[in-house]
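In what follows, a structure is listed as structure tokens, so that the remarks can point back to it.
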Amino acid sequence: MGRLTVRGFLLLISCCIFASFGGVAVEDSTSPYGLRLLIEDYPFAVDGLEIWFAIKTWVKDYCSFYYKEDDTIKKDTELQSWWKEIREVGHGDKKDEPWWPKMQTCEELIQTCTIIIWIASALHAAINFGQYPYGGFPPSRPQKKELQSTMNSWQILIRLI
């Protein structure tokens with residue numbers, strides 16, 4: 001299995017910034033999480049919204065401990081170098097796009113970190129587990145059939161864990 005490069009990571013982030021709640025929610029200051037779902041009976045979005053809010057709350061508390069003012073974000077050379085590398089090296093083909101946060105405010109840092117954690121945790125798990133109906137069908141994964149022919153079910157379970 002290959003490792004995730006900065007470029008691959010950024011591609012994932014850029015695709016998911018819009019995809020996370022774009023199209024299924026609108027900003028609504030009267031809603032408990034600041035967003036109102038356009039489709040109320042959409043379990044992934046309902047659960048995801050709660051998880052998103054929990055992640056964002058934690059990130060806000062964490063970032064606020066270290067960055068009391070926006071000026072400290074601007075002056076943090078290590079943070080600015082990290083953000084520059086993400087944009088220019090990891091996604092050189094998209095480095096001049098206007099949608100990149102400037103990383104000049106605490107809110108931009110909080111939103112960016114929330115997106116990264118969301119993608120690496122809740123969104124990844126939801127997308128990954130949604131593949132079982134396809135991957136569970138042996139003709140879709142011939143290597144699964146090979147595993148089953150040489151091991152009993154407990155050995156397969158232990159190997160998959």
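Ordering of the structure tokens sets the chain letters (A, B, ...); residue numbers start at 1 within each chain; ligands are numbered from 1 in the order shown.
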List the neighbours of Leu37 of chain A out to 8 Å using only C-alpha atoms; skip same-chain residues closer than 5 positions along the sequence, and give me the result as a PDB file with all heavy atoms, in the first residue's frame.
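Heads up, here's the output in out-v7.pdb:
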ATOM      1  N   VAL A  24     -26.298  19.987   0.514  1.00  0.00           N
ATOM      2  CA  VAL A  24     -27.260  19.348   1.414  1.00  0.00           C
ATOM      3  C   VAL A  24     -27.597  20.219   2.613  1.00  0.00           C
ATOM      4  O   VAL A  24     -28.464  19.864   3.399  1.00  0.00           O
ATOM      5  CB  VAL A  24     -26.766  17.963   1.906  1.00  0.00           C
ATOM      6  CG1 VAL A  24     -26.655  16.991   0.768  1.00  0.00           C
ATOM      7  CG2 VAL A  24     -25.483  18.062   2.671  1.00  0.00           C
ATOM      8  N   ALA A  25     -26.909  21.354   2.756  1.00  0.00           N
ATOM      9  CA  ALA A  25     -27.172  22.233   3.889  1.00  0.00           C
ATOM     10  C   ALA A  25     -26.931  23.685   3.497  1.00  0.00           C
ATOM     11  O   ALA A  25     -26.158  23.972   2.592  1.00  0.00           O
ATOM     12  CB  ALA A  25     -26.272  21.861   5.063  1.00  0.00           C
ATOM     13  N   VAL A  26     -27.634  24.550   4.195  1.00  0.00           N
ATOM     14  CA  VAL A  26     -27.439  25.989   4.018  1.00  0.00           C
ATOM     15  C   VAL A  26     -27.186  26.608   5.390  1.00  0.00           C
ATOM     16  O   VAL A  26     -27.640  26.074   6.409  1.00  0.00           O
ATOM     17  CB  VAL A  26     -28.661  26.661   3.347  1.00  0.00           C
ATOM     18  CG1 VAL A  26     -28.817  26.199   1.917  1.00  0.00           C
ATOM     19  CG2 VAL A  26     -29.938  26.405   4.130  1.00  0.00           C
ATOM     20  N   ALA A  45     -26.174  12.863   6.697  1.00  0.00           N
ATOM     21  CA  ALA A  45     -26.046  14.296   6.965  1.00  0.00           C
ATOM     22  C   ALA A  45     -26.431  14.632   8.401  1.00  0.00           C
ATOM     23  O   ALA A  45     -25.770  15.451   9.045  1.00  0.00           O
ATOM     24  CB  ALA A  45     -26.895  15.095   5.982  1.00  0.00           C
ATOM     25  N   VAL A  46     -27.483  14.001   8.912  1.00  0.00           N
ATOM     26  CA  VAL A  46     -27.916  14.272  10.285  1.00  0.00           C
ATOM     27  C   VAL A  46     -26.813  13.880  11.269  1.00  0.00           C
ATOM     28  O   VAL A  46     -26.414  14.662  12.119  1.00  0.00           O
ATOM     29  CB  VAL A  46     -29.228  13.521  10.609  1.00  0.00           C
ATOM     30  CG1 VAL A  46     -29.576  13.640  12.086  1.00  0.00           C
ATOM     31  CG2 VAL A  46     -30.366  14.051   9.749  1.00  0.00           C
TER      32      VAL A  46
END
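Using only C-alpha atoms, the residues found no farther than 9 Å from Arg36 of chain A, other than those of its own chain fewer than 3 positions away, are Val24, Ala25, Val26, Glu27, Asp28, Ser29, Thr30, Ser31, Pro32, Tyr33, Ile39 and Glu40 of chain A.
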For the residues in the current selection, export C-alpha atoms as a PDB file, in the first residue's frame.
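Full text of result-v4.pdb as output:
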ATOM      1  CA  VAL A  24     -27.260  19.348   1.414  1.00  0.00           C
ATOM      2  CA  ALA A  25     -27.172  22.233   3.889  1.00  0.00           C
ATOM      3  CA  VAL A  26     -27.439  25.989   4.018  1.00  0.00           C
ATOM      4  CA  GLU A  27     -26.189  28.370   6.672  1.00  0.00           C
ATOM      5  CA  ASP A  28     -28.885  29.132   9.221  1.00  0.00           C
ATOM      6  CA  SER A  29     -28.005  30.998  12.416  1.00  0.00           C
ATOM      7  CA  THR A  30     -31.255  29.827  14.067  1.00  0.00           C
ATOM      8  CA  SER A  31     -30.319  26.128  13.755  1.00  0.00           C
ATOM      9  CA  PRO A  32     -28.422  24.428  16.597  1.00  0.00           C
ATOM     10  CA  TYR A  33     -25.306  23.815  14.479  1.00  0.00           C
ATOM     11  CA  ILE A  39     -33.186  17.054   3.187  1.00  0.00           C
ATOM     12  CA  GLU A  40     -34.280  16.365   6.755  1.00  0.00           C
TER      13      GLU A  40
END
Problem set entry | Shortest interatomic distance to Cys106 of chain A - which of A:Ile73, A:Ala122, A:Val89, A:Leu79, counting only C-alpha atoms | A:Ile73
For this session: Could you tell me which of A:Ser121, A:Met103, A:Cys113, A:Asp96 comes closest to Thr72 of chain A if we count only C-alpha atoms?
Result: A:Met103
For this session: Would you work out the distance separating atom CA of Thr112 of chain A from atom CA of Phe65 of chain A, expressed in Å to one decimal?
Result: 16.6 Å
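The space separating atom CA of Asp93 of chain A from atom CA of Ile119 of chain A comes to 21.3 Å.
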Shell around segment 50-57 of chain A at 9 Å using only C-alpha atoms, local window under 2 positions removed, as a PDB file with N, CA, C and O atoms, in the first residue's frame:
ATOM      1  N   TYR A  33     -26.684  23.932  14.942  1.00  0.00           N
ATOM      2  CA  TYR A  33     -25.306  23.815  14.479  1.00  0.00           C
ATOM      3  C   TYR A  33     -24.927  24.899  13.473  1.00  0.00           C
ATOM      4  O   TYR A  33     -23.861  24.857  12.893  1.00  0.00           O
ATOM      5  N   ALA A  45     -26.174  12.863   6.697  1.00  0.00           N
ATOM      6  CA  ALA A  45     -26.046  14.296   6.965  1.00  0.00           C
ATOM      7  C   ALA A  45     -26.431  14.632   8.401  1.00  0.00           C
ATOM      8  O   ALA A  45     -25.770  15.451   9.045  1.00  0.00           O
ATOM      9  N   VAL A  46     -27.483  14.001   8.912  1.00  0.00           N
ATOM     10  CA  VAL A  46     -27.916  14.272  10.285  1.00  0.00           C
ATOM     11  C   VAL A  46     -26.813  13.880  11.269  1.00  0.00           C
ATOM     12  O   VAL A  46     -26.414  14.662  12.119  1.00  0.00           O
ATOM     13  N   ASP A  47     -26.309  12.642  11.140  1.00  0.00           N
ATOM     14  CA  ASP A  47     -25.236  12.190  12.025  1.00  0.00           C
ATOM     15  C   ASP A  47     -23.944  12.965  11.759  1.00  0.00           C
ATOM     16  O   ASP A  47     -23.229  13.335  12.683  1.00  0.00           O
ATOM     17  N   GLY A  48     -23.654  13.186  10.485  1.00  0.00           N
ATOM     18  CA  GLY A  48     -22.436  13.895  10.116  1.00  0.00           C
ATOM     19  C   GLY A  48     -22.397  15.306  10.664  1.00  0.00           C
ATOM     20  O   GLY A  48     -21.346  15.802  11.060  1.00  0.00           O
ATOM     21  N   VAL A  59     -11.655  21.604  17.820  1.00  0.00           N
ATOM     22  CA  VAL A  59     -10.616  22.345  17.092  1.00  0.00           C
ATOM     23  C   VAL A  59     -10.609  23.812  17.531  1.00  0.00           C
ATOM     24  O   VAL A  59      -9.538  24.393  17.747  1.00  0.00           O
ATOM     25  N   LYS A  60     -11.780  24.389  17.700  1.00  0.00           N
ATOM     26  CA  LYS A  60     -11.862  25.790  18.121  1.00  0.00           C
ATOM     27  C   LYS A  60     -11.247  25.973  19.512  1.00  0.00           C
ATOM     28  O   LYS A  60     -10.461  26.904  19.735  1.00  0.00           O
ATOM     29  N   ASP A  61     -11.575  25.075  20.432  1.00  0.00           N
ATOM     30  CA  ASP A  61     -10.998  25.157  21.782  1.00  0.00           C
ATOM     31  C   ASP A  61      -9.482  25.004  21.733  1.00  0.00           C
ATOM     32  O   ASP A  61      -8.748  25.739  22.403  1.00  0.00           O
ATOM     33  N   TYR A  62      -9.017  24.056  20.939  1.00  0.00           N
ATOM     34  CA  TYR A  62      -7.578  23.788  20.842  1.00  0.00           C
ATOM     35  C   TYR A  62      -6.833  24.970  20.213  1.00  0.00           C
ATOM     36  O   TYR A  62      -5.844  25.448  20.757  1.00  0.00           O
ATOM     37  N   ILE A 110      -9.303  27.311  12.061  1.00  0.00           N
ATOM     38  CA  ILE A 110     -10.289  26.399  12.651  1.00  0.00           C
ATOM     39  C   ILE A 110     -11.060  25.663  11.561  1.00  0.00           C
ATOM     40  O   ILE A 110     -11.223  24.441  11.618  1.00  0.00           O
ATOM     41  N   GLN A 111     -11.505  26.373  10.549  1.00  0.00           N
ATOM     42  CA  GLN A 111     -12.263  25.744   9.463  1.00  0.00           C
ATOM     43  C   GLN A 111     -11.397  24.736   8.705  1.00  0.00           C
ATOM     44  O   GLN A 111     -11.842  23.626   8.413  1.00  0.00           O
ATOM     45  N   CYS A 113      -8.618  23.098   9.742  1.00  0.00           N
ATOM     46  CA  CYS A 113      -8.321  21.921  10.579  1.00  0.00           C
ATOM     47  C   CYS A 113      -9.556  21.044  10.760  1.00  0.00           C
ATOM     48  O   CYS A 113      -9.447  19.812  10.761  1.00  0.00           O
ATOM     49  N   THR A 114     -10.712  21.660  10.878  1.00  0.00           N
ATOM     50  CA  THR A 114     -11.957  20.889  10.997  1.00  0.00           C
ATOM     51  C   THR A 114     -12.172  20.054   9.742  1.00  0.00           C
ATOM     52  O   THR A 114     -12.523  18.868   9.825  1.00  0.00           O
ATOM     53  N   ILE A 115     -11.960  20.634   8.582  1.00  0.00           N
ATOM     54  CA  ILE A 115     -12.130  19.910   7.320  1.00  0.00           C
ATOM     55  C   ILE A 115     -11.154  18.741   7.233  1.00  0.00           C
ATOM     56  O   ILE A 115     -11.541  17.622   6.874  1.00  0.00           O
ATOM     57  N   ILE A 117      -9.639  17.073   9.690  1.00  0.00           N
ATOM     58  CA  ILE A 117     -10.011  16.021  10.644  1.00  0.00           C
ATOM     59  C   ILE A 117     -11.282  15.321  10.197  1.00  0.00           C
ATOM     60  O   ILE A 117     -11.392  14.096  10.280  1.00  0.00           O
ATOM     61  N   TRP A 118     -12.255  16.058   9.689  1.00  0.00           N
ATOM     62  CA  TRP A 118     -13.506  15.486   9.198  1.00  0.00           C
ATOM     63  C   TRP A 118     -13.232  14.482   8.076  1.00  0.00           C
ATOM     64  O   TRP A 118     -13.749  13.368   8.077  1.00  0.00           O
ATOM     65  N   ALA A 122     -14.564  10.946  10.084  1.00  0.00           N
ATOM     66  CA  ALA A 122     -15.971  10.615   9.834  1.00  0.00           C
ATOM     67  C   ALA A 122     -16.294  10.423   8.354  1.00  0.00           C
ATOM     68  O   ALA A 122     -16.969   9.459   7.982  1.00  0.00           O
TER      69      ALA A 122
END
DSSP on the backbone: which residues in segment 39-131 of chain A end up as helix (DSSP H, G or I)? Give the answer as a PDB file with C-alpha atoms, in the first residue's frame.
ATOM      1  CA  PRO A  43     -29.101   9.921   8.044  1.00  0.00           C
ATOM      2  CA  PHE A  44     -25.517  10.537   6.872  1.00  0.00           C
ATOM      3  CA  ALA A  45     -26.046  14.296   6.965  1.00  0.00           C
ATOM      4  CA  VAL A  46     -27.916  14.272  10.285  1.00  0.00           C
ATOM      5  CA  ASP A  47     -25.236  12.190  12.025  1.00  0.00           C
ATOM      6  CA  GLY A  48     -22.436  13.895  10.116  1.00  0.00           C
ATOM      7  CA  LEU A  49     -23.618  17.319  11.212  1.00  0.00           C
ATOM      8  CA  GLU A  50     -23.365  16.319  14.868  1.00  0.00           C
ATOM      9  CA  ILE A  51     -19.891  14.869  14.345  1.00  0.00           C
ATOM     10  CA  TRP A  52     -18.805  17.938  12.349  1.00  0.00           C
ATOM     11  CA  PHE A  53     -19.969  20.207  15.160  1.00  0.00           C
ATOM     12  CA  ALA A  54     -18.125  18.130  17.790  1.00  0.00           C
ATOM     13  CA  ILE A  55     -14.913  18.216  15.729  1.00  0.00           C
ATOM     14  CA  LYS A  56     -15.238  21.950  15.111  1.00  0.00           C
ATOM     15  CA  THR A  57     -15.863  22.634  18.808  1.00  0.00           C
ATOM     16  CA  TRP A  58     -12.749  20.682  19.795  1.00  0.00           C
ATOM     17  CA  VAL A  59     -10.616  22.345  17.092  1.00  0.00           C
ATOM     18  CA  LYS A  60     -11.862  25.790  18.121  1.00  0.00           C
ATOM     19  CA  ASP A  61     -10.998  25.157  21.782  1.00  0.00           C
ATOM     20  CA  TYR A  62      -7.578  23.788  20.842  1.00  0.00           C
ATOM     21  CA  CYS A  63      -6.656  26.541  18.369  1.00  0.00           C
ATOM     22  CA  SER A  64      -7.980  29.271  20.665  1.00  0.00           C
ATOM     23  CA  PHE A  65      -5.627  28.084  23.396  1.00  0.00           C
ATOM     24  CA  TYR A  66      -2.567  28.686  21.194  1.00  0.00           C
ATOM     25  CA  ASP A  70      -5.489  36.697  14.358  1.00  0.00           C
ATOM     26  CA  ASP A  71      -2.110  38.414  14.391  1.00  0.00           C
ATOM     27  CA  THR A  72      -0.495  35.329  15.976  1.00  0.00           C
ATOM     28  CA  ILE A  73      -1.661  33.234  13.009  1.00  0.00           C
ATOM     29  CA  LYS A  74      -0.030  35.645  10.564  1.00  0.00           C
ATOM     30  CA  LYS A  75       3.238  35.682  12.528  1.00  0.00           C
ATOM     31  CA  THR A  77       6.164  31.113  10.364  1.00  0.00           C
ATOM     32  CA  GLU A  78       5.887  27.345  10.792  1.00  0.00           C
ATOM     33  CA  LEU A  79       2.119  27.406  10.272  1.00  0.00           C
ATOM     34  CA  GLN A  80       2.467  29.711   7.271  1.00  0.00           C
ATOM     35  CA  SER A  81       5.168  27.463   5.743  1.00  0.00           C
ATOM     36  CA  TRP A  82       2.933  24.405   6.225  1.00  0.00           C
ATOM     37  CA  TRP A  83       0.020  26.163   4.554  1.00  0.00           C
ATOM     38  CA  LYS A  84       2.216  27.403   1.692  1.00  0.00           C
ATOM     39  CA  GLU A  85       3.510  23.863   1.076  1.00  0.00           C
ATOM     40  CA  ILE A  86      -0.003  22.465   1.039  1.00  0.00           C
ATOM     41  CA  ARG A  87      -1.087  24.971  -1.601  1.00  0.00           C
ATOM     42  CA  GLU A  88       2.017  25.328  -3.745  1.00  0.00           C
ATOM     43  CA  GLY A  92       0.695  23.370  -7.501  1.00  0.00           C
ATOM     44  CA  ASP A  93      -1.859  23.152 -10.289  1.00  0.00           C
ATOM     45  CA  LYS A  94      -4.478  24.783  -8.042  1.00  0.00           C
ATOM     46  CA  CYS A 106      -8.218  32.028  13.645  1.00  0.00           C
ATOM     47  CA  GLU A 107     -11.494  31.224  11.889  1.00  0.00           C
ATOM     48  CA  GLU A 108      -9.652  30.153   8.719  1.00  0.00           C
ATOM     49  CA  LEU A 109      -7.359  27.902  10.763  1.00  0.00           C
ATOM     50  CA  ILE A 110     -10.289  26.399  12.651  1.00  0.00           C
ATOM     51  CA  GLN A 111     -12.263  25.744   9.463  1.00  0.00           C
ATOM     52  CA  THR A 112      -9.254  24.209   7.679  1.00  0.00           C
ATOM     53  CA  CYS A 113      -8.321  21.921  10.579  1.00  0.00           C
ATOM     54  CA  THR A 114     -11.957  20.889  10.997  1.00  0.00           C
ATOM     55  CA  ILE A 115     -12.130  19.910   7.320  1.00  0.00           C
ATOM     56  CA  ILE A 116      -8.891  17.914   7.526  1.00  0.00           C
ATOM     57  CA  ILE A 117     -10.011  16.021  10.644  1.00  0.00           C
ATOM     58  CA  TRP A 118     -13.506  15.486   9.198  1.00  0.00           C
ATOM     59  CA  ILE A 119     -12.112  13.994   6.000  1.00  0.00           C
ATOM     60  CA  ALA A 120      -9.617  11.767   7.799  1.00  0.00           C
ATOM     61  CA  SER A 121     -12.193  10.464  10.275  1.00  0.00           C
ATOM     62  CA  ALA A 122     -15.971  10.615   9.834  1.00  0.00           C
ATOM     63  CA  LEU A 123     -16.144  11.173   6.073  1.00  0.00           C
ATOM     64  CA  HIS A 124     -13.544   8.491   5.378  1.00  0.00           C
ATOM     65  CA  ALA A 125     -15.355   5.974   7.568  1.00  0.00           C
ATOM     66  CA  ALA A 126     -18.719   6.717   5.953  1.00  0.00           C
ATOM     67  CA  ILE A 127     -17.347   6.365   2.428  1.00  0.00           C
ATOM     68  CA  ASN A 128     -15.258   3.307   3.229  1.00  0.00           C
ATOM     69  CA  PHE A 129     -18.002   1.298   4.930  1.00  0.00           C
TER      70      PHE A 129
END
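Here atom CA of Pro98 of chain A stands at a distance of 24.9 Å from atom CA of Tyr67 of chain A.
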